[in-house]
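Data file: final_1.tsv. Format and content: TSV, C-alpha atoms.
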chain	number	residue	atom	x	y	z
A	102	MET	CA	-6.51	-26.82	-22.05
A	103	LYS	CA	-8.53	-26.10	-25.19
A	104	ILE	CA	-10.56	-29.26	-24.60
A	105	LEU	CA	-11.29	-28.15	-21.02
A	106	ILE	CA	-12.41	-24.69	-22.18
A	107	ASP	CA	-14.63	-26.19	-24.88
A	108	LEU	CA	-16.25	-28.56	-22.38
A	109	LEU	CA	-16.91	-25.75	-19.91
A	110	ARG	CA	-18.40	-23.50	-22.62
A	111	TYR	CA	-20.48	-25.97	-24.60
A	112	ASN	CA	-21.22	-28.95	-22.33
A	113	ARG	CA	-23.77	-28.24	-19.59
A	114	GLU	CA	-23.15	-31.52	-17.76
A	115	PHE	CA	-19.43	-30.83	-17.55
A	116	LEU	CA	-20.08	-27.32	-16.22
A	117	VAL	CA	-22.51	-28.53	-13.53
A	118	GLY	CA	-20.15	-31.36	-12.59
A	119	ALA	CA	-17.26	-28.89	-12.32
A	120	ILE	CA	-19.37	-26.63	-10.05
A	121	PHE	CA	-20.29	-29.57	-7.79
A	122	LEU	CA	-16.66	-30.61	-7.59
A	123	ALA	CA	-15.61	-27.02	-6.85
A	124	VAL	CA	-17.96	-27.03	-3.83
A	125	ILE	CA	-16.30	-30.20	-2.55
A	126	LEU	CA	-12.81	-28.82	-3.14
A	127	ALA	CA	-13.78	-25.63	-1.27
A	128	LEU	CA	-14.71	-27.80	1.72
A	129	VAL	CA	-11.36	-29.60	1.47
A	130	VAL	CA	-9.51	-26.27	1.48
A	131	ALA	CA	-11.60	-25.08	4.44
A	132	SER	CA	-10.55	-28.15	6.45
A	133	PHE	CA	-7.03	-26.73	6.75
A	134	PHE	CA	-8.41	-23.70	8.60
A	135	ALA	CA	-10.46	-25.60	11.21
A	136	PRO	CA	-10.46	-23.91	14.64
A	137	TYR	CA	-9.86	-27.19	16.48
A	138	ASP	CA	-8.35	-30.62	15.86
A	139	GLU	CA	-10.57	-32.92	13.81
A	140	MET	CA	-10.12	-35.79	16.30
A	141	MET	CA	-11.33	-33.79	19.32
A	142	THR	CA	-14.78	-34.32	20.82
A	143	TYR	CA	-17.03	-32.13	22.99
A	144	VAL	CA	-15.55	-28.86	21.79
A	145	VAL	CA	-18.99	-27.34	21.05
A	146	ILE	CA	-22.49	-27.74	22.47
A	147	PRO	CA	-23.85	-31.17	21.44
A	148	ASP	CA	-26.98	-31.77	19.34
A	149	MET	CA	-27.48	-28.20	18.13
A	150	PRO	CA	-29.55	-27.87	14.91
A	151	PRO	CA	-28.27	-25.87	11.93
A	152	SER	CA	-28.14	-22.17	12.75
A	153	ALA	CA	-26.19	-19.00	12.08
A	154	GLU	CA	-23.61	-20.09	14.66
A	155	TYR	CA	-23.41	-23.73	13.57
A	156	TRP	CA	-24.16	-23.78	9.84
A	157	LEU	CA	-24.68	-27.53	9.63
A	158	GLY	CA	-25.46	-28.17	13.29
A	159	THR	CA	-23.50	-30.20	15.83
A	160	ASN	CA	-23.56	-33.90	16.72
A	161	SER	CA	-23.89	-35.81	19.99
A	162	ARG	CA	-20.10	-36.02	20.26
A	163	GLY	CA	-19.84	-32.25	20.59
A	164	GLN	CA	-18.41	-31.65	17.11
A	165	ASP	CA	-19.31	-28.92	14.64
A	166	LEU	CA	-20.60	-30.80	11.60
A	167	PHE	CA	-19.27	-28.21	9.15
A	168	TRP	CA	-15.68	-28.76	10.23
A	169	GLN	CA	-16.22	-32.48	10.61
A	170	LEU	CA	-17.62	-32.60	7.08
A	171	ALA	CA	-14.66	-30.62	5.74
A	172	ALA	CA	-12.12	-32.95	7.37
A	173	SER	CA	-14.10	-36.05	6.41
A	174	MET	CA	-14.42	-34.97	2.78
A	175	ARG	CA	-10.68	-34.29	2.65
A	176	ASN	CA	-9.81	-37.73	4.04
A	177	THR	CA	-12.35	-39.57	1.90
A	178	LEU	CA	-11.28	-37.74	-1.24
A	179	MET	CA	-7.62	-38.38	-0.40
A	180	PHE	CA	-8.37	-42.09	-0.16
A	181	GLY	CA	-10.12	-42.04	-3.54
A	182	VAL	CA	-7.32	-40.05	-5.20
A	183	VAL	CA	-4.62	-42.44	-3.94
A	184	VAL	CA	-6.62	-45.44	-5.21
A	185	ALA	CA	-7.23	-43.75	-8.56
A	186	LEU	CA	-3.61	-42.66	-9.07
A	187	VAL	CA	-2.07	-46.03	-8.18
A	188	SER	CA	-4.59	-47.96	-10.27
A	189	ARG	CA	-4.13	-45.52	-13.22
A	190	VAL	CA	-0.38	-46.13	-13.22
A	191	ILE	CA	-0.98	-49.88	-13.34
A	192	ALA	CA	-3.77	-49.66	-15.93
A	193	ILE	CA	-1.79	-47.36	-18.25
A	194	THR	CA	1.37	-49.46	-18.04
A	195	VAL	CA	-0.42	-52.78	-18.53
A	196	GLY	CA	-2.70	-51.48	-21.29
A	197	LEU	CA	0.03	-49.77	-23.33
A	198	VAL	CA	2.55	-52.60	-22.98
A	199	SER	CA	0.00	-55.32	-23.77
A	200	GLY	CA	-1.45	-53.50	-26.77
A	201	TYR	CA	1.90	-52.49	-28.25
A	202	LEU	CA	3.77	-55.77	-27.84
A	203	GLY	CA	0.83	-58.02	-28.78
A	204	GLY	CA	1.32	-61.71	-29.48
A	205	ARG	CA	2.13	-64.10	-26.66
A	206	VAL	CA	2.92	-61.26	-24.23
A	207	ASP	CA	-0.53	-59.78	-24.81
A	208	GLN	CA	-2.18	-63.17	-24.28
A	209	VAL	CA	-0.37	-63.78	-20.99
A	210	ILE	CA	-1.05	-60.28	-19.63
A	211	MET	CA	-4.73	-60.40	-20.59
A	212	ALA	CA	-5.11	-63.88	-19.07
A	213	ILE	CA	-3.80	-62.50	-15.76
A	214	ASN	CA	-5.99	-59.43	-16.19
A	215	ASP	CA	-9.15	-61.47	-16.75
A	216	THR	CA	-8.37	-63.75	-13.81
A	217	LEU	CA	-7.98	-60.80	-11.44
A	218	ASN	CA	-11.09	-59.16	-12.90
A	219	ALA	CA	-13.14	-62.23	-12.01
A	220	LEU	CA	-12.22	-62.03	-8.33
A	221	PRO	CA	-14.83	-60.42	-6.02
A	222	ASN	CA	-13.32	-57.19	-4.68
A	223	ILE	CA	-15.44	-56.57	-1.58
A	224	PRO	CA	-15.03	-60.07	-0.03
A	225	ILE	CA	-11.26	-59.91	-0.62
A	226	LEU	CA	-10.99	-56.52	1.07
A	227	LEU	CA	-13.17	-57.64	3.98
A	228	LEU	CA	-10.98	-60.73	4.43
A	229	LEU	CA	-7.83	-58.61	4.46
A	230	VAL	CA	-9.38	-56.22	6.98
A	231	PHE	CA	-10.23	-59.13	9.30
A	232	VAL	CA	-6.79	-60.73	8.93
A	233	LEU	CA	-4.79	-57.49	9.21
A	234	ARG	CA	-7.17	-55.53	11.39
A	235	ASP	CA	-4.52	-54.24	13.80
A	236	GLN	CA	-2.05	-53.38	11.02
A	237	MET	CA	-4.58	-52.10	8.49
A	238	SER	CA	-4.12	-48.37	7.94
A	239	TRP	CA	-5.81	-46.25	5.29
A	240	PRO	CA	-2.71	-46.16	2.99
A	241	ILE	CA	-2.51	-49.97	3.04
A	242	LEU	CA	-6.25	-50.21	2.39
A	243	ALA	CA	-5.96	-47.67	-0.45
A	244	VAL	CA	-3.09	-49.53	-2.15
A	245	THR	CA	-4.94	-52.83	-1.74
A	246	ALA	CA	-8.06	-51.35	-3.34
A	247	ALA	CA	-5.94	-49.91	-6.16
A	248	LEU	CA	-4.49	-53.35	-6.89
A	249	LEU	CA	-8.06	-54.61	-7.37
A	250	GLY	CA	-9.38	-51.71	-9.44
A	251	TRP	CA	-7.37	-51.45	-12.68
A	252	GLN	CA	-8.27	-54.50	-14.78
A	253	HIS	CA	-11.24	-53.21	-16.78
A	254	ASP	CA	-9.58	-49.87	-17.48
A	255	SER	CA	-6.39	-51.50	-18.74
A	256	ARG	CA	-8.47	-53.32	-21.36
A	257	LEU	CA	-9.88	-50.02	-22.62
A	258	ILE	CA	-6.38	-48.56	-22.90
A	259	ARG	CA	-5.14	-51.73	-24.60
A	260	SER	CA	-7.84	-51.45	-27.26
A	261	VAL	CA	-6.49	-48.02	-28.25
A	262	ALA	CA	-2.87	-49.21	-28.08
A	263	LEU	CA	-3.66	-52.06	-30.47
A	264	SER	CA	-4.70	-49.56	-33.15
A	265	LEU	CA	-1.74	-47.25	-32.48
A	266	ARG	CA	0.91	-49.93	-32.93
A	267	ASN	CA	0.24	-50.06	-36.69
A	268	ARG	CA	0.12	-46.30	-37.27
A	269	GLU	CA	2.72	-44.67	-39.50
A	270	PHE	CA	4.15	-42.48	-36.71
A	271	THR	CA	4.77	-45.60	-34.61
A	272	ARG	CA	6.69	-47.25	-37.45
A	273	GLN	CA	8.75	-44.11	-37.94
A	274	ALA	CA	9.56	-44.02	-34.22
A	275	VAL	CA	10.72	-47.65	-34.35
A	276	PHE	CA	12.85	-47.08	-37.47
A	277	SER	CA	14.44	-44.02	-35.85
A	278	GLY	CA	15.65	-46.20	-32.98
A	279	MET	CA	13.32	-44.86	-30.29
A	280	ARG	CA	13.08	-47.16	-27.29
A	281	THR	CA	9.85	-48.97	-26.50
A	282	GLY	CA	9.29	-46.99	-23.29
A	283	LYS	CA	9.59	-43.68	-25.10
A	284	ILE	CA	7.23	-44.83	-27.84
A	285	LEU	CA	4.62	-45.86	-25.30
A	286	PHE	CA	4.73	-42.83	-23.01
A	287	ARG	CA	5.74	-40.12	-25.46
A	288	GLU	CA	3.88	-41.17	-28.63
A	289	HIS	CA	0.97	-43.34	-27.47
A	290	LEU	CA	0.08	-41.96	-24.02
A	291	PRO	CA	-1.41	-38.66	-25.32
A	292	TYR	CA	-3.92	-40.64	-27.39
A	293	VAL	CA	-5.27	-42.51	-24.37
A	294	MET	CA	-5.43	-39.54	-21.96
A	295	PRO	CA	-9.17	-38.85	-22.59
A	296	ILE	CA	-9.89	-42.49	-21.70
A	297	VAL	CA	-7.61	-42.19	-18.66
A	298	PHE	CA	-9.55	-39.12	-17.47
A	299	TYR	CA	-12.91	-40.86	-17.98
A	300	THR	CA	-11.82	-44.03	-16.18
A	301	THR	CA	-10.24	-41.97	-13.39
A	302	MET	CA	-13.59	-40.35	-12.61
A	303	ASN	CA	-15.28	-43.76	-12.54
A	304	ASN	CA	-12.51	-45.20	-10.39
A	305	LEU	CA	-12.83	-42.30	-7.94
A	306	ILE	CA	-16.55	-43.01	-7.59
A	307	TRP	CA	-15.83	-46.70	-6.98
A	308	ALA	CA	-13.05	-46.02	-4.47
A	309	ILE	CA	-15.05	-43.43	-2.51
A	310	GLY	CA	-18.08	-45.71	-2.46
A	311	LEU	CA	-15.84	-48.50	-1.18
A	312	GLU	CA	-14.42	-46.32	1.60
A	313	VAL	CA	-17.89	-45.14	2.65
A	314	THR	CA	-19.20	-48.72	2.72
A	315	LEU	CA	-16.28	-50.08	4.78
A	316	SER	CA	-16.45	-47.16	7.22
A	317	ILE	CA	-20.20	-47.47	7.75
A	318	LEU	CA	-19.68	-51.15	8.56
A	319	GLY	CA	-16.88	-50.25	11.00
A	320	PHE	CA	-14.15	-51.98	8.98
A	321	SER	CA	-11.82	-48.97	8.90
A	322	ASP	CA	-10.34	-46.51	11.38
A	323	ILE	CA	-13.59	-45.02	12.71
A	324	ASN	CA	-11.69	-42.40	14.73
A	325	ARG	CA	-10.29	-40.85	11.56
A	326	PRO	CA	-12.96	-38.50	10.16
A	327	THR	CA	-14.41	-39.76	6.88
A	328	ILE	CA	-17.82	-39.53	5.23
A	329	GLY	CA	-18.55	-43.15	6.08
A	330	GLY	CA	-17.26	-42.57	9.60
A	331	MET	CA	-19.72	-39.71	10.11
A	332	ILE	CA	-22.60	-41.99	9.12
A	333	TYR	CA	-21.20	-44.77	11.34
A	334	TRP	CA	-21.16	-42.55	14.43
A	335	ALA	CA	-24.61	-41.17	13.61
A	336	ASN	CA	-25.98	-44.72	13.50
A	337	ALA	CA	-24.09	-45.65	16.67
A	338	HIS	CA	-25.79	-42.76	18.50
A	339	SER	CA	-29.21	-43.50	16.92
A	340	ALA	CA	-29.31	-40.02	15.42
A	341	MET	CA	-32.56	-40.50	13.50
A	342	VAL	CA	-34.36	-41.95	16.52
A	343	ALA	CA	-33.09	-39.07	18.66
A	344	GLY	CA	-34.28	-36.54	16.08
A	345	ILE	CA	-30.78	-35.37	15.13
A	346	TRP	CA	-31.58	-35.77	11.44
A	347	TRP	CA	-28.87	-33.34	10.28
A	348	TRP	CA	-26.14	-35.69	11.51
A	349	ILE	CA	-27.24	-38.22	8.87
A	350	ALA	CA	-28.39	-35.74	6.22
A	351	VAL	CA	-25.18	-33.67	6.02
A	352	PRO	CA	-22.73	-36.44	4.96
A	353	MET	CA	-25.31	-38.10	2.70
A	354	VAL	CA	-26.16	-34.88	0.83
A	355	PHE	CA	-22.55	-33.95	0.25
A	356	VAL	CA	-21.44	-37.41	-0.81
A	357	VAL	CA	-24.29	-37.37	-3.36
A	358	ILE	CA	-23.01	-34.00	-4.60
A	359	LEU	CA	-19.53	-35.51	-4.94
A	360	PHE	CA	-20.84	-38.57	-6.80
A	361	LEU	CA	-22.96	-36.45	-9.13
A	362	GLY	CA	-20.05	-34.14	-9.89
A	363	LEU	CA	-17.71	-36.99	-10.74
A	364	PHE	CA	-20.40	-38.82	-12.73
A	365	MET	CA	-21.24	-35.74	-14.81
A	366	LEU	CA	-17.57	-35.09	-15.54
A	367	ALA	CA	-17.06	-38.70	-16.59
A	368	MET	CA	-20.14	-38.81	-18.83
A	369	SER	CA	-19.40	-35.47	-20.50
A	370	VAL	CA	-15.82	-36.51	-21.29
A	371	ASN	CA	-17.07	-39.85	-22.60
A	372	GLU	CA	-19.50	-37.96	-24.82
A	373	TYR	CA	-16.66	-35.74	-26.04
A	374	ILE	CA	-14.35	-38.62	-27.02
A	375	ASP	CA	-17.11	-40.91	-28.39
A	376	PRO	CA	-18.77	-39.56	-31.55
A	377	ARG	CA	-21.62	-42.06	-31.22
A	378	SER	CA	-22.63	-40.49	-27.89
A	379	ARG	CA	-22.76	-37.04	-29.47
A	380	LEU	CA	-24.83	-38.30	-32.41
A	381	ALA	CA	-27.25	-40.10	-30.07
A	382	ARG	CA	-27.67	-36.92	-28.02
A	383	MET	CA	-28.29	-34.83	-31.16
A	384	GLY	CA	-30.83	-37.38	-32.36
A	385	ALA	CA	-32.64	-37.26	-29.01

Is it possible to give me this structure as structure tokens?
Amino acid sequence: MKILIDLLRYNREFLVGAIFLAVILALVVASFFAPYDEMMTYVVIPDMPPSAEYWLGTNSRGQDLFWQLAASMRNTLMFGVVVALVSRVIAITVGLVSGYLGGRVDQVIMAINDTLNALPNIPILLLLVFVLRDQMSWPILAVTAALLGWQHDSRLIRSVALSLRNREFTRQAVFSGMRTGKILFREHLPYVMPIVFYTTMNNLIWAIGLEVTLSILGFSDINRPTIGGMIYWANAHSAMVAGIWWWIAVPMVFVVILFLGLFMLAMSVNEYIDPRSRLARMGA
């Protein structure tokens, strides 16, 4: 908590990123108070520009873009959070175990890690979508993405675990009879939490970008409101050609706000935990 307060008080990037993310979270909360179901069409007058009645305008499908944006941001963010949480569990477990045990176990785990890291993520996901198109739901897609998005982060966690295994408090824990699991998650985990937070922000950006890309291409459930789905339907109705520019602008502006917020949070935390970043900033 003290770290969070210090970052908010003394780090401008963290403060701006937190404000951007607060705007997005306010939209997510607003989605639960929508006056109509998010899947319904032609509930308002189509193609109305932004006004006092329709803050962000309406689209050609007769949907209020404010409520569509709120629902889409909630679903897109939910996808990113599921990917980030599942991949963090894998990355933390693999990184701590590999770094603490070392030796042959570390070599085998890192060999598997590097092999998976060399695989191209997007082509694999596209192949799975084509093969399992009828059975592919967003939870399955999220778990699949999570299984492809932990390798680099586990190496960062492992690098910290390698230094912790030789610390005096680790030796004392071993001599006292503490089990390996308790040593890893009670003694070592707090030391890697700043890295976990930083990598979580980066993983969220990657996962959300992946969801937006797949939805724009039509490789996900386009009837479920998402940011990429909004752009997909806008392109399908030739919104720019028809002069309905707000249909494209609204999701793009807010996804940029989301990306900027997450990026600023990640960079400010990285600056906090890396003394070299602080020194470089002071020198600049």

Choose the residue, out of A:Ser188, A:Asn304, A:Ser161, A:Ser132, that has the smallest atom-to-atom separation from A:Ala247; count only C-alpha atoms.
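Looking only at the distances to A:Ala247, the closest residue turns out to be A:Ser188.
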
Close residues, A:Pro291 itself excluded, 12 Å, only C-alpha atoms, min 6 positions apart in chain, as a PyMOL selection string
chain A and resi 193+197+258+261-262+265+284-285+297-298

Measure the distance from atom CA of A:Met179 to atom CA of A:Trp251 in Å and round it to one decimal.
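If I compute the distance from atom CA of A:Met179 to atom CA of A:Trp251, I get 17.9 Å.
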
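A straight line drawn from atom CA of A:Tyr137 to atom CA of A:Gly158 is 16.0 Å long.
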
Any idea what's packed within 10 Å of A:Leu263, counting all atoms listed in the file, ignoring anything in its chain fewer than 6 positions away? Could you give it as a list in words?
Gly196, Leu197, Val198, Ser199, Gly200, Tyr201, Leu202 and Gly203 of chain A

Which residue, A:Phe115, A:Phe167, A:Phe231, A:Phe270, has the smallest gap to A:Val351 when you use all atoms listed in the file?
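Among A:Phe115, A:Phe167, A:Phe231, A:Phe270, it is A:Phe167 that comes nearest to A:Val351.
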
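Across A:Leu229, A:Leu109, A:Ile306, A:Ile223, the tightest approach to A:Val182 is made by A:Ile306 when counting all atoms listed in the file.
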
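Put simply, atom CA of A:Asn160 is 13.5 Å away from atom CA of A:Val342.
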
Just the residues within 10 Å of A:Phe134, please, counting only C-alpha atoms, with nothing from its chain fewer than 4 positions along; format it as an NGL selection string.
:A and (129-130 or 168 or 171)

Grab the residues selected above and save them as an mmCIF file, keeping the file's coordinate frame with C-alpha atoms.
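That gives us again-v8.cif:
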data_model
loop_
_atom_site.group_PDB
_atom_site.id
_atom_site.type_symbol
_atom_site.label_atom_id
_atom_site.label_comp_id
_atom_site.auth_asym_id
_atom_site.auth_seq_id
_atom_site.Cartn_x
_atom_site.Cartn_y
_atom_site.Cartn_z
ATOM 1 C CA VAL A 129 -11.360 -29.600 1.470
ATOM 2 C CA VAL A 130 -9.510 -26.270 1.480
ATOM 3 C CA TRP A 168 -15.680 -28.760 10.230
ATOM 4 C CA ALA A 171 -14.660 -30.620 5.740
#

With only C-alpha atoms as the atoms that count, which of A:Gly181, A:Pro151, A:Gly329, A:Pro352 lies nearest to A:Ala308?
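Looking only at the distances to A:Ala308, the closest residue turns out to be A:Gly181.
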
Which is closer to A:Leu363 than all the others in A:Thr159, A:Thr301, A:Ser339, A:Ser321, using all atoms listed in the file?
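Closest to A:Leu363 of all the choices is A:Thr301.
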
Of the listed residues A:Thr194, A:Ala274, A:Asp148, A:Val357, that which approaches A:Ala343 most closely, counting only C-alpha atoms
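Under the stated criterion, the closest residue is A:Asp148.
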
Exercise: A:Arg325 partners within 10 Å, all atoms listed in the file, chain neighbours under 2 positions left out, as an NGL selection string:
:A and (139-140 or 172-173 or 176-177 or 239 or 316 or 321-323 or 327-328 or 330-331)

Write out as a PyMOL selection string each polymer residue whose atoms come within 10 Å of A:Val187, counting all atoms listed in the file; drop sequence neighbours fewer than 5 positions from it.
chain A and resi 182+192+243-248+250-251
